[in-house]
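Below is the file entry.cif, which contains mmCIF, C-alpha atoms and all ligand atoms; chains and numbers go by the auth columns.
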data_start
#
loop_
_atom_site.group_PDB
_atom_site.id
_atom_site.type_symbol
_atom_site.label_atom_id
_atom_site.label_comp_id
_atom_site.label_asym_id
_atom_site.label_seq_id
_atom_site.Cartn_x
_atom_site.Cartn_y
_atom_site.Cartn_z
_atom_site.B_iso_or_equiv
_atom_site.auth_seq_id
_atom_site.auth_asym_id
ATOM 1 C CA MET A 1 -10.600 18.467 -2.879 0.00 1 U
ATOM 2 C CA ASP A 2 -13.838 16.648 -3.321 0.00 2 U
ATOM 3 C CA ILE A 3 -12.818 13.403 -1.604 0.00 3 U
ATOM 4 C CA ARG A 4 -14.971 10.441 -2.565 0.00 4 U
ATOM 5 C CA ALA A 5 -12.883 7.437 -1.589 0.00 5 U
ATOM 6 C CA ASP A 6 -10.072 6.191 0.627 0.00 6 U
ATOM 7 C CA TYR A 7 -8.101 3.169 -0.529 0.00 7 U
ATOM 8 C CA HIS A 8 -5.881 2.398 2.470 0.00 8 U
ATOM 9 C CA MET A 9 -6.925 1.732 6.063 0.00 9 U
ATOM 10 C CA HIS A 10 -6.304 -0.822 8.785 0.00 10 U
ATOM 11 C CA THR A 11 -8.505 -2.762 11.180 0.00 11 U
ATOM 12 C CA ARG A 12 -7.811 -4.900 14.225 0.00 12 U
ATOM 13 C CA ALA A 13 -6.977 -7.743 11.823 0.00 13 U
ATOM 14 C CA SER A 14 -3.525 -6.102 11.873 0.00 14 U
ATOM 15 C CA ASP A 15 -2.556 -3.042 13.911 0.00 15 U
ATOM 16 C CA GLY A 16 -5.631 -0.859 13.367 0.00 16 U
ATOM 17 C CA GLU A 17 -8.759 -0.190 15.351 0.00 17 U
ATOM 18 C CA GLY A 18 -12.195 -1.708 14.863 0.00 18 U
ATOM 19 C CA THR A 19 -13.531 -3.781 11.997 0.00 19 U
ATOM 20 C CA ALA A 20 -14.208 -3.265 8.311 0.00 20 U
ATOM 21 C CA LEU A 21 -17.817 -2.579 9.260 0.00 21 U
ATOM 22 C CA ASP A 22 -16.719 0.203 11.645 0.00 22 U
ATOM 23 C CA LYS A 23 -14.594 1.744 8.910 0.00 23 U
ATOM 24 C CA ALA A 24 -17.447 1.524 6.397 0.00 24 U
ATOM 25 C CA ARG A 25 -19.885 3.187 8.803 0.00 25 U
ATOM 26 C CA ARG A 26 -17.463 6.063 9.297 0.00 26 U
ATOM 27 C CA ALA A 27 -16.960 6.358 5.523 0.00 27 U
ATOM 28 C CA ALA A 28 -20.742 6.481 5.084 0.00 28 U
ATOM 29 C CA GLU A 29 -20.989 9.320 7.636 0.00 29 U
ATOM 30 C CA LEU A 30 -18.432 11.247 5.594 0.00 30 U
ATOM 31 C CA GLY A 31 -20.315 10.605 2.358 0.00 31 U
ATOM 32 C CA LEU A 32 -17.536 8.546 0.747 0.00 32 U
ATOM 33 C CA SER A 33 -18.587 6.163 -1.979 0.00 33 U
ATOM 34 C CA GLU A 34 -15.731 3.638 -1.806 0.00 34 U
ATOM 35 C CA ILE A 35 -13.071 2.387 0.627 0.00 35 U
ATOM 36 C CA ALA A 36 -10.477 -0.388 0.649 0.00 36 U
ATOM 37 C CA ILE A 37 -9.414 -2.275 3.760 0.00 37 U
ATOM 38 C CA CYS A 38 -5.676 -2.988 3.530 0.00 38 U
ATOM 39 C CA ASP A 39 -4.324 -4.678 6.626 0.00 39 U
ATOM 40 C CA HIS A 40 -0.651 -5.620 6.882 0.00 40 U
ATOM 41 C CA GLY A 41 0.543 -8.728 5.036 0.00 41 U
ATOM 42 C CA CYS A 42 1.111 -12.094 6.658 0.00 42 U
ATOM 43 C CA GLY A 43 4.857 -11.552 7.216 0.00 43 U
ATOM 44 C CA SER A 44 4.530 -8.516 9.467 0.00 44 U
ATOM 45 C CA PHE A 45 5.890 -8.921 12.962 0.00 45 U
ATOM 46 C CA LEU A 46 3.142 -9.458 15.579 0.00 46 U
ATOM 47 C CA PHE A 47 0.241 -7.635 13.911 0.00 47 U
ATOM 48 C CA HIS A 48 -0.653 -9.069 10.544 0.00 48 U
ATOM 49 C CA GLN A 49 -3.270 -10.725 8.402 0.00 49 U
ATOM 50 C CA THR A 50 -3.585 -14.486 8.272 0.00 50 U
ATOM 51 C CA GLU A 51 -5.534 -16.540 5.746 0.00 51 U
ATOM 52 C CA LYS A 52 -8.097 -17.280 8.443 0.00 52 U
ATOM 53 C CA LYS A 53 -8.520 -13.671 9.565 0.00 53 U
ATOM 54 C CA PHE A 54 -8.644 -12.557 5.946 0.00 54 U
ATOM 55 C CA GLU A 55 -11.558 -14.932 5.262 0.00 55 U
ATOM 56 C CA ALA A 56 -13.401 -13.658 8.326 0.00 56 U
ATOM 57 C CA GLN A 57 -12.756 -10.091 7.207 0.00 57 U
ATOM 58 C CA ARG A 58 -14.212 -10.850 3.786 0.00 58 U
ATOM 59 C CA ARG A 59 -17.463 -11.848 5.496 0.00 59 U
ATOM 60 C CA ASP A 60 -17.379 -8.624 7.507 0.00 60 U
ATOM 61 C CA ILE A 61 -16.779 -6.695 4.269 0.00 61 U
ATOM 62 C CA ALA A 62 -19.730 -8.431 2.591 0.00 62 U
ATOM 63 C CA ARG A 63 -21.921 -7.313 5.485 0.00 63 U
ATOM 64 C CA ALA A 64 -20.545 -3.769 5.296 0.00 64 U
ATOM 65 C CA ASN A 65 -21.299 -3.689 1.579 0.00 65 U
ATOM 66 C CA ALA A 66 -24.879 -4.781 2.235 0.00 66 U
ATOM 67 C CA GLU A 67 -25.512 -2.370 5.120 0.00 67 U
ATOM 68 C CA CYS A 68 -23.563 0.849 4.670 0.00 68 U
ATOM 69 C CA GLY A 69 -24.182 2.198 1.191 0.00 69 U
ATOM 70 C CA VAL A 70 -20.417 2.412 0.663 0.00 70 U
ATOM 71 C CA ARG A 71 -18.569 0.073 -1.677 0.00 71 U
ATOM 72 C CA VAL A 72 -16.025 -1.742 0.491 0.00 72 U
ATOM 73 C CA LEU A 73 -13.093 -3.452 -1.217 0.00 73 U
ATOM 74 C CA SER A 74 -10.986 -6.193 0.257 0.00 74 U
ATOM 75 C CA GLY A 75 -7.293 -5.418 0.068 0.00 75 U
ATOM 76 C CA ILE A 76 -3.969 -6.120 1.642 0.00 76 U
ATOM 77 C CA GLU A 77 -0.861 -4.021 2.288 0.00 77 U
ATOM 78 C CA ALA A 78 1.916 -6.401 1.357 0.00 78 U
ATOM 79 C CA SER A 79 5.592 -5.913 2.137 0.00 79 U
ATOM 80 C CA ILE A 80 8.432 -6.397 -0.297 0.00 80 U
ATOM 81 C CA THR A 81 10.725 -8.835 1.493 0.00 81 U
ATOM 82 C CA GLY A 82 13.943 -8.617 -0.530 0.00 82 U
ATOM 83 C CA GLU A 83 15.707 -7.949 -3.798 0.00 83 U
ATOM 84 C CA ASP A 84 13.726 -10.609 -5.690 0.00 84 U
ATOM 85 C CA GLY A 85 10.550 -8.597 -5.104 0.00 85 U
ATOM 86 C CA ARG A 86 8.695 -11.353 -3.267 0.00 86 U
ATOM 87 C CA LEU A 87 5.823 -10.297 -1.026 0.00 87 U
ATOM 88 C CA ASP A 88 4.820 -11.558 2.397 0.00 88 U
ATOM 89 C CA VAL A 89 1.404 -12.745 1.212 0.00 89 U
ATOM 90 C CA PRO A 90 0.403 -16.188 -0.096 0.00 90 U
ATOM 91 C CA ASP A 91 -1.129 -16.550 -3.553 0.00 91 U
ATOM 92 C CA SER A 92 -4.481 -17.583 -2.055 0.00 92 U
ATOM 93 C CA VAL A 93 -4.860 -14.224 -0.307 0.00 93 U
ATOM 94 C CA ILE A 94 -3.770 -12.287 -3.399 0.00 94 U
ATOM 95 C CA ARG A 95 -6.340 -14.169 -5.503 0.00 95 U
ATOM 96 C CA ALA A 96 -9.089 -13.139 -3.073 0.00 96 U
ATOM 97 C CA CYS A 97 -8.068 -9.461 -2.960 0.00 97 U
ATOM 98 C CA ASP A 98 -9.644 -6.600 -4.841 0.00 98 U
ATOM 99 C CA VAL A 99 -6.685 -4.328 -4.121 0.00 99 U
ATOM 100 C CA LEU A 100 -3.033 -5.314 -3.771 0.00 100 U
ATOM 101 C CA THR A 101 -1.037 -2.505 -2.176 0.00 101 U
ATOM 102 C CA VAL A 102 2.719 -2.918 -1.933 0.00 102 U
ATOM 103 C CA GLY A 103 5.429 -1.125 0.014 0.00 103 U
ATOM 104 C CA PHE A 104 8.316 -1.386 2.440 0.00 104 U
ATOM 105 C CA HIS A 105 7.899 -2.125 6.161 0.00 105 U
ATOM 106 C CA ARG A 106 10.717 -2.825 8.565 0.00 106 U
ATOM 107 C CA PHE A 107 8.787 -4.864 11.137 0.00 107 U
ATOM 108 C CA LEU A 108 8.838 -8.242 9.427 0.00 108 U
ATOM 109 C CA GLN A 109 9.200 -11.679 10.959 0.00 109 U
ATOM 110 C CA PRO A 110 12.794 -12.825 11.666 0.00 110 U
ATOM 111 C CA ARG A 111 12.869 -15.362 8.815 0.00 111 U
ATOM 112 C CA TYR A 112 12.604 -12.506 6.324 0.00 112 U
ATOM 113 C CA ILE A 113 15.355 -10.578 8.082 0.00 113 U
ATOM 114 C CA PHE A 114 17.664 -13.614 7.976 0.00 114 U
ATOM 115 C CA ALA A 115 16.940 -14.000 4.259 0.00 115 U
ATOM 116 C CA SER A 116 17.453 -10.302 3.340 0.00 116 U
ATOM 117 C CA PRO A 117 19.361 -8.617 6.171 0.00 117 U
ATOM 118 C CA ARG A 118 20.690 -5.674 4.187 0.00 118 U
ATOM 119 C CA PHE A 119 17.360 -4.918 2.551 0.00 119 U
ATOM 120 C CA LEU A 120 15.385 -4.998 5.777 0.00 120 U
ATOM 121 C CA LEU A 121 17.895 -3.798 8.367 0.00 121 U
ATOM 122 C CA VAL A 122 19.758 -1.054 6.510 0.00 122 U
ATOM 123 C CA ASN A 123 16.600 0.294 4.861 0.00 123 U
ATOM 124 C CA GLY A 124 14.649 -0.070 8.071 0.00 124 U
ATOM 125 C CA TRP A 125 17.128 1.181 10.629 0.00 125 U
ATOM 126 C CA GLY A 126 20.209 2.562 8.836 0.00 126 U
ATOM 127 C CA SER A 127 20.990 6.254 8.552 0.00 127 U
ATOM 128 C CA ALA A 128 20.564 8.283 5.373 0.00 128 U
ATOM 129 C CA GLY A 129 24.302 8.859 5.068 0.00 129 U
ATOM 130 C CA ALA A 130 25.279 5.200 5.283 0.00 130 U
ATOM 131 C CA ARG A 131 28.101 4.042 3.044 0.00 131 U
ATOM 132 C CA GLY A 132 26.961 2.157 0.006 0.00 132 U
ATOM 133 C CA ARG A 133 23.749 4.125 -0.160 0.00 133 U
ATOM 134 C CA GLU A 134 23.734 4.275 -3.972 0.00 134 U
ATOM 135 C CA ASP A 135 24.089 0.501 -4.097 0.00 135 U
ATOM 136 C CA LEU A 136 21.159 0.193 -1.762 0.00 136 U
ATOM 137 C CA VAL A 137 18.985 2.477 -3.912 0.00 137 U
ATOM 138 C CA ALA A 138 19.864 0.327 -6.936 0.00 138 U
ATOM 139 C CA LEU A 139 19.035 -2.843 -4.978 0.00 139 U
ATOM 140 C CA ASN A 140 15.746 -1.368 -3.766 0.00 140 U
ATOM 141 C CA THR A 141 14.817 -0.282 -7.277 0.00 141 U
ATOM 142 C CA ARG A 142 15.427 -3.829 -8.544 0.00 142 U
ATOM 143 C CA ALA A 143 13.211 -5.110 -5.729 0.00 143 U
ATOM 144 C CA TRP A 144 10.331 -2.759 -6.614 0.00 144 U
ATOM 145 C CA LEU A 145 10.585 -3.521 -10.333 0.00 145 U
ATOM 146 C CA ALA A 146 10.694 -7.260 -9.590 0.00 146 U
ATOM 147 C CA ALA A 147 7.576 -6.990 -7.425 0.00 147 U
ATOM 148 C CA LEU A 148 5.772 -5.222 -10.282 0.00 148 U
ATOM 149 C CA GLU A 149 6.898 -8.019 -12.587 0.00 149 U
ATOM 150 C CA ARG A 150 5.847 -10.862 -10.287 0.00 150 U
ATOM 151 C CA TYR A 151 2.512 -9.679 -8.923 0.00 151 U
ATOM 152 C CA PRO A 152 -0.722 -8.001 -10.022 0.00 152 U
ATOM 153 C CA VAL A 153 0.172 -4.907 -7.983 0.00 153 U
ATOM 154 C CA ASP A 154 -2.448 -2.159 -7.919 0.00 154 U
ATOM 155 C CA VAL A 155 -0.881 0.464 -5.653 0.00 155 U
ATOM 156 C CA LEU A 156 2.647 1.377 -4.552 0.00 156 U
ATOM 157 C CA CYS A 157 2.204 2.828 -1.096 0.00 157 U
ATOM 158 C CA HIS A 158 4.288 5.479 0.650 0.00 158 U
ATOM 159 C CA ILE A 159 7.173 5.544 -1.836 0.00 159 U
ATOM 160 C CA GLY A 160 10.284 7.092 -0.293 0.00 160 U
ATOM 161 C CA HIS A 161 9.356 6.117 3.251 0.00 161 U
ATOM 162 C CA ARG A 162 12.480 4.411 4.689 0.00 162 U
ATOM 163 C CA ALA A 163 13.565 2.483 1.564 0.00 163 U
ATOM 164 C CA GLN A 164 14.762 4.865 -1.156 0.00 164 U
ATOM 165 C CA VAL A 165 14.290 3.896 -4.792 0.00 165 U
ATOM 166 C CA ASP A 166 14.944 5.441 -8.176 0.00 166 U
ATOM 167 C CA VAL A 167 11.544 7.115 -8.097 0.00 167 U
ATOM 168 C CA GLY A 168 11.503 7.975 -11.800 0.00 168 U
ATOM 169 C CA ALA A 169 12.252 4.386 -12.869 0.00 169 U
ATOM 170 C CA VAL A 170 9.757 2.856 -10.442 0.00 170 U
ATOM 171 C CA CYS A 171 6.971 5.315 -11.284 0.00 171 U
ATOM 172 C CA ARG A 172 7.475 4.912 -15.038 0.00 172 U
ATOM 173 C CA ALA A 173 7.205 1.123 -14.631 0.00 173 U
ATOM 174 C CA ALA A 174 4.092 1.665 -12.507 0.00 174 U
ATOM 175 C CA ALA A 175 2.570 3.958 -15.144 0.00 175 U
ATOM 176 C CA GLU A 176 3.169 1.342 -17.868 0.00 176 U
ATOM 177 C CA ARG A 177 1.399 -1.306 -15.823 0.00 177 U
ATOM 178 C CA GLY A 178 -1.527 0.731 -14.585 0.00 178 U
ATOM 179 C CA VAL A 179 -0.216 0.755 -11.020 0.00 179 U
ATOM 180 C CA TYR A 180 -1.199 3.759 -8.916 0.00 180 U
ATOM 181 C CA ILE A 181 1.179 5.811 -6.805 0.00 181 U
ATOM 182 C CA GLU A 182 -0.338 6.373 -3.410 0.00 182 U
ATOM 183 C CA LEU A 183 -0.777 9.799 -1.873 0.00 183 U
ATOM 184 C CA ASN A 184 -0.465 8.552 1.693 0.00 184 U
ATOM 185 C CA GLU A 185 -1.693 10.964 4.348 0.00 185 U
ATOM 186 C CA LYS A 186 0.695 9.632 7.003 0.00 186 U
ATOM 187 C CA HIS A 187 3.801 9.596 4.840 0.00 187 U
ATOM 188 C CA ILE A 188 3.208 12.229 2.161 0.00 188 U
ATOM 189 C CA ASP A 189 6.372 14.055 3.276 0.00 189 U
ATOM 190 C CA ALA A 190 8.418 11.130 1.942 0.00 190 U
ATOM 191 C CA LEU A 191 7.246 11.995 -1.587 0.00 191 U
ATOM 192 C CA GLU A 192 8.147 15.679 -1.406 0.00 192 U
ATOM 193 C CA ALA A 193 11.747 15.471 -2.606 0.00 193 U
ATOM 194 C CA SER A 194 10.818 13.425 -5.665 0.00 194 U
ATOM 195 C CA ALA A 195 7.452 15.018 -6.451 0.00 195 U
ATOM 196 C CA ARG A 196 8.677 16.366 -9.768 0.00 196 U
ATOM 197 C CA GLU A 197 9.921 12.961 -10.924 0.00 197 U
ATOM 198 C CA VAL A 198 6.702 11.269 -9.883 0.00 198 U
ATOM 199 C CA LEU A 199 4.635 13.814 -11.785 0.00 199 U
ATOM 200 C CA ALA A 200 6.833 13.531 -14.881 0.00 200 U
ATOM 201 C CA SER A 201 6.515 9.728 -14.890 0.00 201 U
ATOM 202 C CA GLY A 202 2.929 9.861 -16.136 0.00 202 U
ATOM 203 C CA ALA A 203 1.747 7.680 -13.263 0.00 203 U
ATOM 204 C CA GLU A 204 -1.678 8.159 -11.786 0.00 204 U
ATOM 205 C CA PHE A 205 -2.359 8.662 -8.110 0.00 205 U
ATOM 206 C CA ILE A 206 -4.658 7.168 -5.503 0.00 206 U
ATOM 207 C CA LEU A 207 -5.733 8.411 -2.079 0.00 207 U
ATOM 208 C CA GLY A 208 -4.837 6.419 1.027 0.00 208 U
ATOM 209 C CA SER A 209 -5.318 7.796 4.539 0.00 209 U
ATOM 210 C CA ASP A 210 -3.517 4.791 6.059 0.00 210 U
ATOM 211 C CA ALA A 211 -5.991 5.312 8.917 0.00 211 U
ATOM 212 C CA HIS A 212 -5.463 2.992 11.853 0.00 212 U
ATOM 213 C CA ALA A 213 -7.993 4.856 14.003 0.00 213 U
ATOM 214 C CA THR A 214 -11.526 4.853 12.616 0.00 214 U
ATOM 215 C CA ALA A 215 -11.750 8.629 13.151 0.00 215 U
ATOM 216 C CA LYS A 216 -8.941 9.172 10.609 0.00 216 U
ATOM 217 C CA VAL A 217 -10.731 7.544 7.687 0.00 217 U
ATOM 218 C CA GLY A 218 -11.207 9.874 4.730 0.00 218 U
ATOM 219 C CA LEU A 219 -9.139 12.748 6.151 0.00 219 U
ATOM 220 C CA PHE A 220 -6.429 14.144 3.852 0.00 220 U
ATOM 221 C CA PRO A 221 -5.245 17.604 4.978 0.00 221 U
ATOM 222 C CA LYS A 222 -1.550 16.946 4.206 0.00 222 U
ATOM 223 C CA VAL A 223 -2.280 15.262 0.887 0.00 223 U
ATOM 224 C CA GLU A 224 -4.499 18.159 -0.096 0.00 224 U
ATOM 225 C CA ALA A 225 -1.678 20.625 0.607 0.00 225 U
ATOM 226 C CA PHE A 226 0.708 18.457 -1.449 0.00 226 U
ATOM 227 C CA VAL A 227 -1.731 18.298 -4.361 0.00 227 U
ATOM 228 C CA ASN A 228 -2.189 22.077 -4.305 0.00 228 U
ATOM 229 C CA ARG A 229 1.546 22.749 -3.964 0.00 229 U
ATOM 230 C CA HIS A 230 2.370 20.601 -6.969 0.00 230 U
ATOM 231 C CA GLY A 231 -0.674 21.462 -9.052 0.00 231 U
ATOM 232 C CA ILE A 232 -1.799 17.856 -9.516 0.00 232 U
ATOM 233 C CA ALA A 233 -4.987 17.674 -11.574 0.00 233 U
ATOM 234 C CA PRO A 234 -7.920 15.982 -9.785 0.00 234 U
ATOM 235 C CA SER A 235 -8.480 13.908 -12.938 0.00 235 U
ATOM 236 C CA ARG A 236 -5.180 12.176 -12.144 0.00 236 U
ATOM 237 C CA ILE A 237 -6.171 11.168 -8.607 0.00 237 U
ATOM 238 C CA CYS A 238 -8.342 8.136 -7.842 0.00 238 U
ATOM 239 C CA GLY A 239 -10.622 9.027 -4.983 0.00 239 U
ATOM 240 C CA VAL A 240 -11.038 12.596 -6.233 0.00 240 U
ATOM 241 C CA GLY A 241 -11.617 12.914 -9.983 0.00 241 U
ATOM 242 C CA ALA A 242 -10.602 9.478 -11.245 0.00 242 U
ATOM 243 C CA THR A 243 -12.026 5.998 -10.730 0.00 243 U
ATOM 244 C CA PRO A 244 -9.436 3.257 -10.239 0.00 244 U
ATOM 245 C CA HIS A 245 -9.234 0.033 -12.185 0.00 245 U
ATOM 246 C CA PHE A 246 -7.696 -2.782 -10.199 0.00 246 U
ATOM 247 C CA HIS A 247 -6.081 -5.817 -11.778 0.00 247 U
ATOM 248 C CA PRO A 248 -7.945 -9.132 -11.940 0.00 248 U
ATOM 249 C CA LYS A 249 -6.361 -11.616 -9.541 0.00 249 U
ATOM 250 C CA LYS A 250 -8.508 -14.718 -9.313 0.00 250 U
ATOM 251 C CA ASP A 251 -6.223 -16.743 -11.604 0.00 251 U
ATOM 252 C CA PHE A 252 -2.971 -15.419 -10.157 0.00 252 U
ATOM 253 C CA LYS A 253 -0.180 -17.875 -9.483 0.00 253 U
ATOM 254 C CA SER A 254 3.292 -16.705 -8.466 0.00 254 U
ATOM 255 C CA ILE A 255 6.309 -17.901 -10.399 0.00 255 U
ATOM 256 C CA ASP A 256 9.317 -19.422 -8.652 0.00 256 U
HETATM 257 ZN ZN ZN B . 2.580 0.932 5.231 0.00 301 U
HETATM 258 ZN ZN ZN B . -0.863 0.960 6.065 0.00 302 U
#

structure tokens encoding of this file:
Amino acid sequence: MDIRADYHMHTRASDGEGTALDKARRAAELGLSEIAICDHGCGSFLFHQTEKKFEAQRRDIARANAECGVRVLSGIEASITGEDGRLDVPDSVIRACDVLTVGFHRFLQPRYIFASPRFLLVNGWGSAGARGREDLVALNTRAWLAALERYPVDVLCHIGHRAQVDVGAVCRAAAERGVYIELNEKHIDALEASAREVLASGAEFILGSDAHATAKVGLFPKVEAFVNRHGIAPSRICGVGATPHFHPKKDFKSID
């Protein structure tokens, strides 16, 4: 694969290493043309973005853009917090983002767990054979579709990791809205069982290393094997043969 971009990585603004500038310098060494910094949303437990840190990171990103010869996008990796599809990120941060990446994470602050215990605890910590599993898949699918409805989502990250959804339904909705399905280097195994459904949905893909360490930026050995195994055309993958188009967000206002 001729890898040109990496649209998912973390810095010390959440639980990653280094700064956006460090990540951009590494991307430049690798000859990438574009990266997106996507630290964890504001509701993550302990390590997360805040409005203040996000502003500071935007200044760091501006500097990286000026110095590194790599286009650096400002993003966030938001968490779906419950069945209504709400994210753990305030509108102000979403408006300032280039890339809104959305997925499930189990380490959220207690207030979210009190509000949606089944969604966060059973998905996050329950076993695959738990009773009521079909109900939970239906609930999760409603949550993902609601998030797509509520927000200018650009990327669905690591689908199938912990929270199971009706992959066909979610990916078809994503395809209709121009939302990319992430090929996540850390969690690509989670997509294996539903690869056929994802491919049949018509959705397009995007590369995300999910690098926390700077040395992992731009490295996709597992994704490359997945792409080869399933015969995915490079023209369908942003970061290889396709250029992504992210949704405008500056006028975004969430609905209650
Ligand atoms: Zn994640
Ligand atoms: Zn991540």

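Using only C-alpha atoms and all ligand atoms for every distance, the candidate list U:Leu199, U:Cys68, U:Leu219, U:Ile37 yields U:Ile37 as the residue closest to ligand ZN 302 (chain U).
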
Exercise. Tell me, as a PyMOL selection string, which residues lie within 9 Å of Ile181 of chain U, counting only C-alpha atoms; anything in the same chain fewer than 5 positions away does not count.
Key: chain U and resi 154-159+171+174-175+198+203-207

Practice problem: Check what the PyMOL selection byres (((chain U and resi 109-119) around 12) and not hetatm) selects in the file above and give those residues as an NGL selection string. | Solution: :U and (41-48 or 79-88 or 104-108 or 120-126 or 130 or 132-133 or 135-144 or 162-165)

Given the selection you just returned, output its residues as a file containing C-alpha atoms, formatted as a PDB file, in the coordinates of the input.
ATOM      1  CA  GLY U  41       0.543  -8.728   5.036  1.00  0.00           C
ATOM      2  CA  CYS U  42       1.111 -12.094   6.658  1.00  0.00           C
ATOM      3  CA  GLY U  43       4.857 -11.552   7.216  1.00  0.00           C
ATOM      4  CA  SER U  44       4.530  -8.516   9.467  1.00  0.00           C
ATOM      5  CA  PHE U  45       5.890  -8.921  12.962  1.00  0.00           C
ATOM      6  CA  LEU U  46       3.142  -9.458  15.579  1.00  0.00           C
ATOM      7  CA  PHE U  47       0.241  -7.635  13.911  1.00  0.00           C
ATOM      8  CA  HIS U  48      -0.653  -9.069  10.544  1.00  0.00           C
ATOM      9  CA  SER U  79       5.592  -5.913   2.137  1.00  0.00           C
ATOM     10  CA  ILE U  80       8.432  -6.397  -0.297  1.00  0.00           C
ATOM     11  CA  THR U  81      10.725  -8.835   1.493  1.00  0.00           C
ATOM     12  CA  GLY U  82      13.943  -8.617  -0.530  1.00  0.00           C
ATOM     13  CA  GLU U  83      15.707  -7.949  -3.798  1.00  0.00           C
ATOM     14  CA  ASP U  84      13.726 -10.609  -5.690  1.00  0.00           C
ATOM     15  CA  GLY U  85      10.550  -8.597  -5.104  1.00  0.00           C
ATOM     16  CA  ARG U  86       8.695 -11.353  -3.267  1.00  0.00           C
ATOM     17  CA  LEU U  87       5.823 -10.297  -1.026  1.00  0.00           C
ATOM     18  CA  ASP U  88       4.820 -11.558   2.397  1.00  0.00           C
ATOM     19  CA  PHE U 104       8.316  -1.386   2.440  1.00  0.00           C
ATOM     20  CA  HIS U 105       7.899  -2.125   6.161  1.00  0.00           C
ATOM     21  CA  ARG U 106      10.717  -2.825   8.565  1.00  0.00           C
ATOM     22  CA  PHE U 107       8.787  -4.864  11.137  1.00  0.00           C
ATOM     23  CA  LEU U 108       8.838  -8.242   9.427  1.00  0.00           C
ATOM     24  CA  LEU U 120      15.385  -4.998   5.777  1.00  0.00           C
ATOM     25  CA  LEU U 121      17.895  -3.798   8.367  1.00  0.00           C
ATOM     26  CA  VAL U 122      19.758  -1.054   6.510  1.00  0.00           C
ATOM     27  CA  ASN U 123      16.600   0.294   4.861  1.00  0.00           C
ATOM     28  CA  GLY U 124      14.649  -0.070   8.071  1.00  0.00           C
ATOM     29  CA  TRP U 125      17.128   1.181  10.629  1.00  0.00           C
ATOM     30  CA  GLY U 126      20.209   2.562   8.836  1.00  0.00           C
ATOM     31  CA  ALA U 130      25.279   5.200   5.283  1.00  0.00           C
ATOM     32  CA  GLY U 132      26.961   2.157   0.006  1.00  0.00           C
ATOM     33  CA  ARG U 133      23.749   4.125  -0.160  1.00  0.00           C
ATOM     34  CA  ASP U 135      24.089   0.501  -4.097  1.00  0.00           C
ATOM     35  CA  LEU U 136      21.159   0.193  -1.762  1.00  0.00           C
ATOM     36  CA  VAL U 137      18.985   2.477  -3.912  1.00  0.00           C
ATOM     37  CA  ALA U 138      19.864   0.327  -6.936  1.00  0.00           C
ATOM     38  CA  LEU U 139      19.035  -2.843  -4.978  1.00  0.00           C
ATOM     39  CA  ASN U 140      15.746  -1.368  -3.766  1.00  0.00           C
ATOM     40  CA  THR U 141      14.817  -0.282  -7.277  1.00  0.00           C
ATOM     41  CA  ARG U 142      15.427  -3.829  -8.544  1.00  0.00           C
ATOM     42  CA  ALA U 143      13.211  -5.110  -5.729  1.00  0.00           C
ATOM     43  CA  TRP U 144      10.331  -2.759  -6.614  1.00  0.00           C
ATOM     44  CA  ARG U 162      12.480   4.411   4.689  1.00  0.00           C
ATOM     45  CA  ALA U 163      13.565   2.483   1.564  1.00  0.00           C
ATOM     46  CA  GLN U 164      14.762   4.865  -1.156  1.00  0.00           C
ATOM     47  CA  VAL U 165      14.290   3.896  -4.792  1.00  0.00           C
TER      48      VAL U 165
END

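For the set U:Thr101, U:Thr19, U:Ser194, U:Thr214, the residue with the smallest atom-to-atom gap to ligand ZN 302 (chain U) is U:Thr101, counting all atoms listed in the file.
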
Quiz item: Got a sec to resolve the PyMOL selection byres (((not hetatm)) within 7 of (chain U and resi 302)) on this structure and send the residues as a ChimeraX atom specification?
Solution: /U:8-10,38-40,77,210

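Each of U:Ala211, U:Val153, U:Ala62, U:Ala36 was compared to ligand ZN 301 (chain U) using all atoms listed in the file, and U:Ala211 turns out to be the nearest.
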
Practice problem: For the structure provided, state which residues fall under the PyMOL selection byres (((chain U and resi 20) around 8) and not hetatm), and present them as a PyMOL selection string. | Solution: chain U and resi 11+18-19+21-24+37+57+60-61+64

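With distances taken over only C-alpha atoms and all ligand atoms, U:Ile188 is the one residue among U:Ala193, U:Leu148, U:Ile188, U:Val170 lying closest to ligand ZN 301 (chain U).
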
Exercise. Pick out the closest residue to ligand ZN 301 (chain U) from this set: U:Ser92, U:Ala5, U:Ala147, U:Gly16. Count only C-alpha atoms and all ligand atoms.
Key: U:Gly16
